[in-house]
$ cat work36.txt   # compact mmCIF, C-alpha atoms
# COMPACT_ATOMS: atom_id res chain seq x y z
CA MET R 83 0.00 0.00 0.00
CA THR R 84 1.26 3.46 -0.90
CA ILE R 85 1.28 6.03 1.91
CA ARG R 86 -0.10 9.33 0.63
CA VAL R 87 1.57 12.36 2.23
CA ILE R 88 1.16 16.12 2.11
CA ILE R 89 3.93 18.49 3.24
CA ALA R 90 3.48 21.97 4.71
CA ASP R 91 6.47 24.28 5.22
CA ASP R 92 6.92 27.94 4.32
CA GLN R 93 10.40 27.36 2.87
CA ASN R 94 10.50 26.09 -0.71
CA ILE R 95 13.85 24.40 -0.28
CA ILE R 96 12.65 22.45 2.76
CA ARG R 97 9.50 21.28 0.97
CA ALA R 98 11.59 20.24 -2.02
CA GLY R 99 14.07 18.34 0.15
CA LEU R 100 11.39 16.51 2.12
CA THR R 101 9.54 15.66 -1.08
CA THR R 102 12.70 14.24 -2.66
CA ILE R 103 13.40 12.06 0.39
CA LEU R 104 9.86 10.72 0.68
CA ASN R 105 9.24 10.21 -3.03
CA GLY R 106 12.45 8.22 -3.09
CA GLN R 107 10.71 5.55 -1.01
CA PRO R 108 8.90 2.82 -2.96
CA ASP R 109 5.76 3.01 -0.79
CA ILE R 110 5.43 6.77 -0.13
CA ASP R 111 3.92 9.34 -2.48
CA VAL R 112 3.85 13.09 -1.79
CA ILE R 113 0.50 14.15 -3.23
CA GLY R 114 0.49 17.82 -2.25
CA GLN R 115 2.43 20.73 -0.77
CA ALA R 116 1.42 23.86 1.13
CA ALA R 117 3.34 27.02 2.07
CA ASP R 118 1.24 28.07 5.06
CA GLY R 119 -1.05 26.62 7.70
CA ASN R 120 -4.35 27.68 6.18
CA GLU R 121 -3.41 26.20 2.83
CA ALA R 122 -2.28 23.01 4.59
CA VAL R 123 -5.61 22.53 6.37
CA THR R 124 -7.59 23.16 3.18
CA LEU R 125 -5.39 20.76 1.21
CA ALA R 126 -5.56 18.06 3.88
CA ARG R 127 -9.34 18.21 4.11
CA ARG R 128 -9.66 17.97 0.34
CA LEU R 129 -7.11 15.20 -0.30
CA ARG R 130 -7.46 13.21 2.96
CA PRO R 131 -3.82 12.01 2.93
CA ASP R 132 -2.61 9.11 5.06
CA VAL R 133 -0.08 11.41 6.77
CA CYS R 134 0.37 15.18 7.03
CA LEU R 135 3.92 16.43 7.61
CA PHE R 136 3.78 19.94 9.08
CA ASP R 137 6.35 22.50 10.13
CA ILE R 138 5.69 24.23 13.47
CA ARG R 139 6.22 27.82 12.33
CA MET R 140 4.18 28.77 9.28
CA PRO R 141 2.47 32.00 8.17
CA HIS R 142 -1.21 32.68 8.89
CA LEU R 143 -1.70 29.47 10.91
CA ASP R 144 1.06 27.60 12.73
CA GLY R 145 1.61 23.85 12.67
CA VAL R 146 0.14 23.30 16.13
CA GLU R 147 -3.16 24.97 15.29
CA ALA R 148 -3.27 23.23 11.90
CA THR R 149 -2.75 19.93 13.72
CA ARG R 150 -5.55 20.73 16.16
CA LEU R 151 -7.96 21.47 13.31
CA LEU R 152 -7.18 18.17 11.61
CA ALA R 153 -6.43 15.82 14.51
CA GLY R 154 -7.60 17.50 17.71
CA PRO R 155 -10.02 16.12 20.31
CA ASP R 156 -13.04 17.69 18.60
CA VAL R 157 -12.28 16.26 15.16
CA ARG R 158 -14.64 13.42 14.26
CA ASP R 159 -12.37 11.75 11.69
CA PRO R 160 -8.83 12.85 12.57
CA LEU R 161 -5.90 12.70 10.19
CA ALA R 162 -2.42 11.49 11.10
CA VAL R 163 -0.05 14.43 11.58
CA VAL R 164 3.72 14.40 12.08
CA VAL R 165 5.28 17.70 13.13
CA ILE R 166 8.81 18.52 12.02
CA THR R 167 10.69 21.56 13.24
CA THR R 168 14.01 23.23 13.94
CA PHE R 169 12.84 24.31 17.38
CA ASP R 170 13.45 21.81 20.19
CA THR R 171 11.39 23.42 22.95
CA ASP R 172 8.94 21.97 25.45
CA GLU R 173 6.30 24.49 24.40
CA HIS R 174 6.38 23.42 20.77
CA VAL R 175 6.38 19.70 21.44
CA SER R 176 3.77 19.69 24.18
CA GLY R 177 1.57 21.91 22.03
CA ALA R 178 1.88 19.59 19.05
CA LEU R 179 1.23 16.41 21.04
CA LYS R 180 -1.76 17.87 22.86
CA ALA R 181 -3.11 19.05 19.51
CA GLY R 182 -3.13 15.44 18.30
CA ALA R 183 0.19 14.95 16.48
CA ARG R 184 1.33 11.35 16.10
CA GLY R 185 4.96 12.27 15.74
CA PHE R 186 7.50 14.98 16.43
CA LEU R 187 10.84 15.26 14.63
CA LEU R 188 13.64 17.76 14.42
CA LYS R 189 14.73 18.75 10.92
CA ASP R 190 18.21 17.37 11.57
CA ALA R 191 16.81 13.93 12.45
CA GLY R 192 17.88 12.46 9.11
CA PRO R 193 16.05 10.69 6.27
CA ASP R 194 15.80 7.29 8.00
CA LEU R 195 14.00 8.64 11.06
CA LEU R 196 11.73 10.76 8.86
CA VAL R 197 10.67 7.71 6.85
CA GLN R 198 10.16 5.72 10.06
CA ALA R 199 7.93 8.48 11.44
CA ILE R 200 5.79 8.52 8.29
CA HIS R 201 5.35 4.75 8.39
CA ALA R 202 4.59 4.79 12.11
CA ALA R 203 1.93 7.49 11.75
CA ALA R 204 0.31 5.71 8.80
CA GLU R 205 0.12 2.51 10.84
CA GLY R 206 -1.35 4.21 13.91
CA ASP R 207 1.93 4.21 15.81
CA ALA R 208 3.84 7.27 16.93
CA LEU R 209 7.46 8.29 16.67
CA ILE R 210 8.99 11.14 18.62
CA ALA R 211 12.64 12.08 18.12
CA PRO R 212 14.66 10.09 20.68
CA SER R 213 16.52 13.23 21.74
CA VAL R 214 13.33 14.76 23.09
CA THR R 215 11.02 11.86 24.00
CA ALA R 216 11.70 11.33 27.71
CA ARG R 217 12.19 14.99 28.59
CA LEU R 218 9.08 16.15 26.79
CA LEU R 219 6.72 13.42 27.90
CA ALA R 220 7.99 13.86 31.43
CA SER R 221 7.01 17.51 31.27
CA PHE R 222 3.40 16.36 31.35
CA ALA R 223 3.90 14.63 34.70
CA ASP R 224 3.44 17.87 36.65
CA SER R 225 1.12 19.61 34.22
CA ALA R 226 -2.08 21.24 35.41
CA SER R 227 -4.12 18.90 33.24
CA SER R 228 -2.79 15.73 34.85
CA SER R 229 -5.75 15.37 37.20
CA LYS R 230 -8.18 15.19 34.29
CA ARG R 231 -6.97 11.74 33.25
CA ALA R 232 -5.56 10.54 36.56
CA ARG R 233 -8.08 7.70 36.82
CA PRO R 234 -9.12 5.48 33.92
CA LEU R 235 -12.84 5.26 33.21
CA VAL R 236 -12.57 1.50 33.86
CA ALA R 237 -9.77 -0.23 35.76
CA LEU R 238 -6.90 -1.42 33.56
CA THR R 239 -5.95 -5.07 33.39
CA ASP R 240 -2.38 -6.10 34.27
CA ARG R 241 -1.64 -6.60 30.58
CA GLU R 242 -3.01 -3.16 29.69
CA GLU R 243 -0.76 -1.65 32.36
CA GLU R 244 2.21 -3.41 30.74
CA VAL R 245 1.25 -2.18 27.29
CA ALA R 246 0.82 1.38 28.57
CA LEU R 247 4.35 1.31 30.01
CA THR R 248 5.89 0.04 26.78
CA VAL R 249 4.06 2.69 24.77
CA ALA R 250 5.39 5.37 27.12
CA GLN R 251 8.89 3.99 26.58
CA GLY R 252 8.53 4.57 22.84
CA ARG R 253 8.08 0.97 21.69
CA THR R 254 6.42 0.24 18.36
CA ASN R 255 3.65 -2.34 18.05
CA ALA R 256 6.14 -4.93 16.77
CA GLU R 257 8.53 -4.26 19.65
CA ILE R 258 5.69 -4.50 22.18
CA ALA R 259 4.58 -7.82 20.71
CA ASP R 260 8.13 -9.17 20.92
CA GLU R 261 8.76 -7.86 24.43
CA LEU R 262 5.48 -9.12 25.91
CA HIS R 263 5.39 -12.32 23.82
CA ILE R 264 1.99 -11.58 22.29
CA SER R 265 0.74 -11.20 18.72
CA LEU R 266 0.45 -7.91 16.83
CA SER R 267 -3.32 -8.27 16.76
CA THR R 268 -3.34 -8.68 20.55
CA VAL R 269 -1.22 -5.54 20.93
CA LYS R 270 -3.71 -3.60 18.80
CA PHE R 271 -6.60 -5.00 20.86
CA HIS R 272 -5.00 -3.82 24.12
CA LEU R 273 -4.18 -0.40 22.64
CA ALA R 274 -7.80 0.08 21.55
CA SER R 275 -9.01 -0.95 25.01
CA LEU R 276 -6.53 1.42 26.67
CA MET R 277 -7.63 4.35 24.55
CA ASN R 278 -11.24 3.66 25.40
CA LYS R 279 -10.59 3.34 29.14
CA ILE R 280 -8.43 6.45 29.58
CA GLY R 281 -10.08 8.65 26.98
CA ALA R 282 -7.04 8.80 24.66
CA ARG R 283 -7.25 9.18 20.89
CA ASN R 284 -3.86 7.80 19.97
CA ARG R 285 -0.78 6.15 21.44
CA VAL R 286 0.95 9.48 22.06
CA GLN R 287 -1.85 10.38 24.46
CA ILE R 288 -1.41 6.97 26.13
CA ALA R 289 2.26 7.84 26.69
CA ILE R 290 1.37 11.27 28.04
CA TRP R 291 -1.20 9.71 30.39
CA ALA R 292 1.38 7.23 31.69
CA TYR R 293 3.67 10.11 32.62
CA GLU R 294 0.86 12.25 34.03
CA THR R 295 -0.24 9.44 36.32
CA LYS R 296 3.32 8.72 37.46
CA ARG R 297 3.33 5.23 35.92
CA VAL R 298 6.56 6.24 34.21
CA ARG R 299 9.11 8.62 35.65
CA PRO R 300 11.90 10.45 33.82

$ encode --input "work36.txt" --output "C-alpha cells"
Amino acid sequence: MTIRVIIADDQNIIRAGLTTILNGQPDIDVIGQAADGNEAVTLARRLRPDVCLFDIRMPHLDGVEATRLLAGPDVRDPLAVVVITTFDTDEHVSGALKAGARGFLLKDAGPDLLVQAIHAAAEGDALIAPSVTARLLASFADSASSSKRARPLVALTDREEEVALTVAQGRTNAEIADELHISLSTVKFHLASLMNKIGARNRVQIAIWAYETKRVRP
C-alpha cells in the first residue's frame, strides 16, 4: 500500500528536500504541498492524505493549530499528523502532542528517522525524536491537566498496564509484541481498550497519560 503524504512548510527548499526524500521511497507518495497553515488545512481536508507532515512555524496558521484542526479532540475523523521543526522546545512539542500529532521530529533527524515516522503514523503508531522523548513526555507529569486523566474510566488489566508502560517507553507495536510475547493483533486490541478506558485518541496520548499518572518517571 502506498502512503499518501502532504507536506506543509513555508520554505520552498525544505519542501523540495522533504519531497525528494519521501518520493524516493517505494511506498510513499507526496500528493500535495502547502506554504502556510491555512493552505495546509484546506489541502488536507480535500485530499485526505494518510499522513500530514507539518512545520511548526508557518504564516497565517502555525503547525500546532493546523494539527488541532485536523487531529484535535473535537475532530470526528482525525488525520495522522507528524510535526517537524528546527525548534526543540517543550512548548512546541507539548503543544503539538496535545493538539493530536502522532509524531515529532527535528529537521536534523535524518532521512531514515523521517521515513520511520511517516510509516509509524500511517500505521497508527507514533514516533517522537529520541533526543526529546523522555524529557518532553515527562514535562506532562506535573502539568495542570494531569488530574483530568488521573483515573481510567474503567480499571486497567495487568496486561493493559504493561502495554501502557511500553508505549510510554517509545516501543512500536512490533517491539511490544516481541517484548510481551503476544501477537500484533493482541497488541492492537490492548491499545484500543486502553484508549477507550483512559479517553485517549492515539498512542501518544497513552504515553502522556502514563507520565501524568506517574506510571513512568523520567

$ residues_near_point --input "work36.txt" --point "(7.5, 16.3, 14.7)" --cutoff "7 Å" --atoms "only C-alpha atoms" --output "PyMOL selection string"
chain R and resi 164-167+185-188+210

$ closest_residue --input "work36.txt" --among "R:Met140, R:Thr239, R:Ala148, R:Thr102" --to "Thr124 in chain R" --atoms "all atoms listed in the file"
R:Ala148

$ atom_distance --input "work36.txt" --atom1 "CA of Val157 in chain R" --atom2 "CA of Thr248 in chain R"
27.0 Å

$ atom_distance --input "work36.txt" --atom1 "CA of Glu261 in chain R" --atom2 "CA of Ala178 in chain R"
28.8 Å

$ residues_around --input "work36.txt" --residues "Val249 in chain R" --least-positions-apart "2" --cutoff "8 Å" --atoms "only C-alpha atoms" --output "number ranges by chain"
R: 245-247, 251-254, 258, 285-286, 288-289

$ residues_around --input "work36.txt" --residues "Leu100 in chain R" --least-positions-apart "4" --cutoff "8 Å" --atoms "only C-alpha atoms" --output "ChimeraX atom specification"
/R:89,96,104

$ residues_around --input "work36.txt" --residues "Asp111 in chain R" --least-positions-apart "3" --cutoff "12 Å" --atoms "only C-alpha atoms" --output "ChimeraX atom specification"
/R:83-89,100-108,114-115,131-134,197,200-201

$ atom_distance --input "work36.txt" --atom1 "CA of Ser265 in chain R" --atom2 "CA of Leu238 in chain R"
19.3 Å

$ residues_near_point --input "work36.txt" --point "(2.1, 0.3, 14.4)" --cutoff "6 Å" --atoms "only C-alpha atoms" --output "count of residues only"
6

$ closest_residue --input "work36.txt" --among "R:Val123, R:Ile113, R:Ala183, R:Leu143" --to "Pro155 in chain R" --atoms "only C-alpha atoms"
R:Ala183

$ closest_residue --input "work36.txt" --among "R:Val112, R:Ala153, R:Ala208, R:Leu196" --to "Ala181 in chain R" --atoms "only C-alpha atoms"
R:Ala153

$ closest_residue --input "work36.txt" --among "R:Ser267, R:Gln93, R:Gly154, R:Asp194" --to "Asn284 in chain R" --atoms "all atoms listed in the file"
R:Gly154

$ closest_residue --input "work36.txt" --among "R:Arg297, R:Ala162, R:Ala117, R:Val175" --to "Arg283 in chain R" --atoms "all atoms listed in the file"
R:Ala162

$ residues_around --input "work36.txt" --residues "Ser275 in chain R" --least-positions-apart "5" --cutoff "9 Å" --atoms "only C-alpha atoms" --output "MDAnalysis selection string"
chainID R and resid 238 242 270 280

$ closest_residue --input "work36.txt" --among "R:Glu257, R:Val236, R:Ala204, R:Lys296" --to "Ile110 in chain R" --atoms "all atoms listed in the file"
R:Ala204

$ decode --input "work36.txt" --residues "range 154-166 of chain R" --atoms "all heavy atoms" --output "short mmCIF file (atom, residue, chain, number, x, y, z; two decimals), in the first residue's frame"
data_model
loop_
_atom_site.label_atom_id
_atom_site.label_comp_id
_atom_site.auth_asym_id
_atom_site.auth_seq_id
_atom_site.Cartn_x
_atom_site.Cartn_y
_atom_site.Cartn_z
N GLY R 154 -7.33 17.18 16.31
CA GLY R 154 -7.60 17.50 17.71
C GLY R 154 -8.76 16.73 18.30
O GLY R 154 -9.45 15.96 17.60
N PRO R 155 -8.99 16.89 19.59
CA PRO R 155 -10.02 16.12 20.31
C PRO R 155 -11.43 16.32 19.80
O PRO R 155 -12.30 15.48 20.02
CB PRO R 155 -9.87 16.59 21.76
CG PRO R 155 -9.15 17.91 21.67
CD PRO R 155 -8.26 17.79 20.48
N ASP R 156 -11.68 17.43 19.10
CA ASP R 156 -13.04 17.69 18.60
C ASP R 156 -13.24 17.26 17.16
O ASP R 156 -14.32 17.44 16.60
CB ASP R 156 -13.36 19.18 18.74
CG ASP R 156 -13.34 19.65 20.18
OD1 ASP R 156 -13.74 18.86 21.05
OD2 ASP R 156 -12.92 20.80 20.43
N VAL R 157 -12.20 16.68 16.56
CA VAL R 157 -12.28 16.26 15.16
C VAL R 157 -12.86 14.86 15.08
O VAL R 157 -12.33 13.92 15.67
CB VAL R 157 -10.90 16.31 14.49
CG1 VAL R 157 -10.99 15.84 13.04
CG2 VAL R 157 -10.32 17.71 14.56
N ARG R 158 -13.93 14.71 14.32
CA ARG R 158 -14.64 13.42 14.26
C ARG R 158 -13.81 12.35 13.57
O ARG R 158 -13.78 11.19 13.99
CB ARG R 158 -15.97 13.60 13.54
CG ARG R 158 -16.79 12.32 13.44
CD ARG R 158 -18.17 12.59 12.87
NE ARG R 158 -18.94 13.47 13.76
CZ ARG R 158 -20.18 13.88 13.49
NH1 ARG R 158 -20.78 13.50 12.37
NH2 ARG R 158 -20.81 14.68 14.33
N ASP R 159 -13.16 12.71 12.47
CA ASP R 159 -12.37 11.75 11.69
C ASP R 159 -10.96 12.29 11.52
O ASP R 159 -10.60 12.80 10.45
CB ASP R 159 -13.04 11.52 10.33
CG ASP R 159 -12.42 10.38 9.54
OD1 ASP R 159 -11.66 9.61 10.14
OD2 ASP R 159 -12.68 10.27 8.33
N PRO R 160 -10.15 12.19 12.58
CA PRO R 160 -8.83 12.85 12.57
C PRO R 160 -7.85 12.25 11.58
O PRO R 160 -7.88 11.06 11.28
CB PRO R 160 -8.33 12.65 14.01
CG PRO R 160 -9.03 11.41 14.48
CD PRO R 160 -10.39 11.46 13.83
N LEU R 161 -6.98 13.12 11.07
CA LEU R 161 -5.90 12.70 10.19
C LEU R 161 -4.64 12.47 11.01
O LEU R 161 -4.50 12.97 12.13
CB LEU R 161 -5.63 13.77 9.14
CG LEU R 161 -6.73 13.98 8.09
CD1 LEU R 161 -6.43 15.22 7.26
CD2 LEU R 161 -6.86 12.76 7.19
N ALA R 162 -3.72 11.71 10.45
CA ALA R 162 -2.42 11.49 11.10
C ALA R 162 -1.50 12.65 10.75
O ALA R 162 -1.30 12.95 9.58
CB ALA R 162 -1.82 10.18 10.62
N VAL R 163 -0.94 13.29 11.79
CA VAL R 163 -0.05 14.43 11.58
C VAL R 163 1.29 14.16 12.25
O VAL R 163 1.34 13.73 13.41
CB VAL R 163 -0.65 15.73 12.16
CG1 VAL R 163 0.32 16.89 11.95
CG2 VAL R 163 -2.00 16.04 11.51
N VAL R 164 2.36 14.41 11.53
CA VAL R 164 3.72 14.40 12.08
C VAL R 164 4.25 15.82 11.99
O VAL R 164 4.18 16.44 10.92
CB VAL R 164 4.64 13.45 11.31
CG1 VAL R 164 6.09 13.58 11.80
CG2 VAL R 164 4.17 12.00 11.44
N VAL R 165 4.74 16.34 13.09
CA VAL R 165 5.28 17.70 13.13
C VAL R 165 6.79 17.63 13.03
O VAL R 165 7.43 16.83 13.72
CB VAL R 165 4.85 18.42 14.42
CG1 VAL R 165 5.56 19.76 14.55
CG2 VAL R 165 3.33 18.63 14.42
N ILE R 166 7.36 18.47 12.18
CA ILE R 166 8.81 18.52 12.02
C ILE R 166 9.25 19.98 12.16
O ILE R 166 8.63 20.88 11.60
CB ILE R 166 9.23 17.93 10.66
CG1 ILE R 166 10.76 17.90 10.52
CG2 ILE R 166 8.57 18.66 9.50
CD1 ILE R 166 11.24 17.06 9.35
#
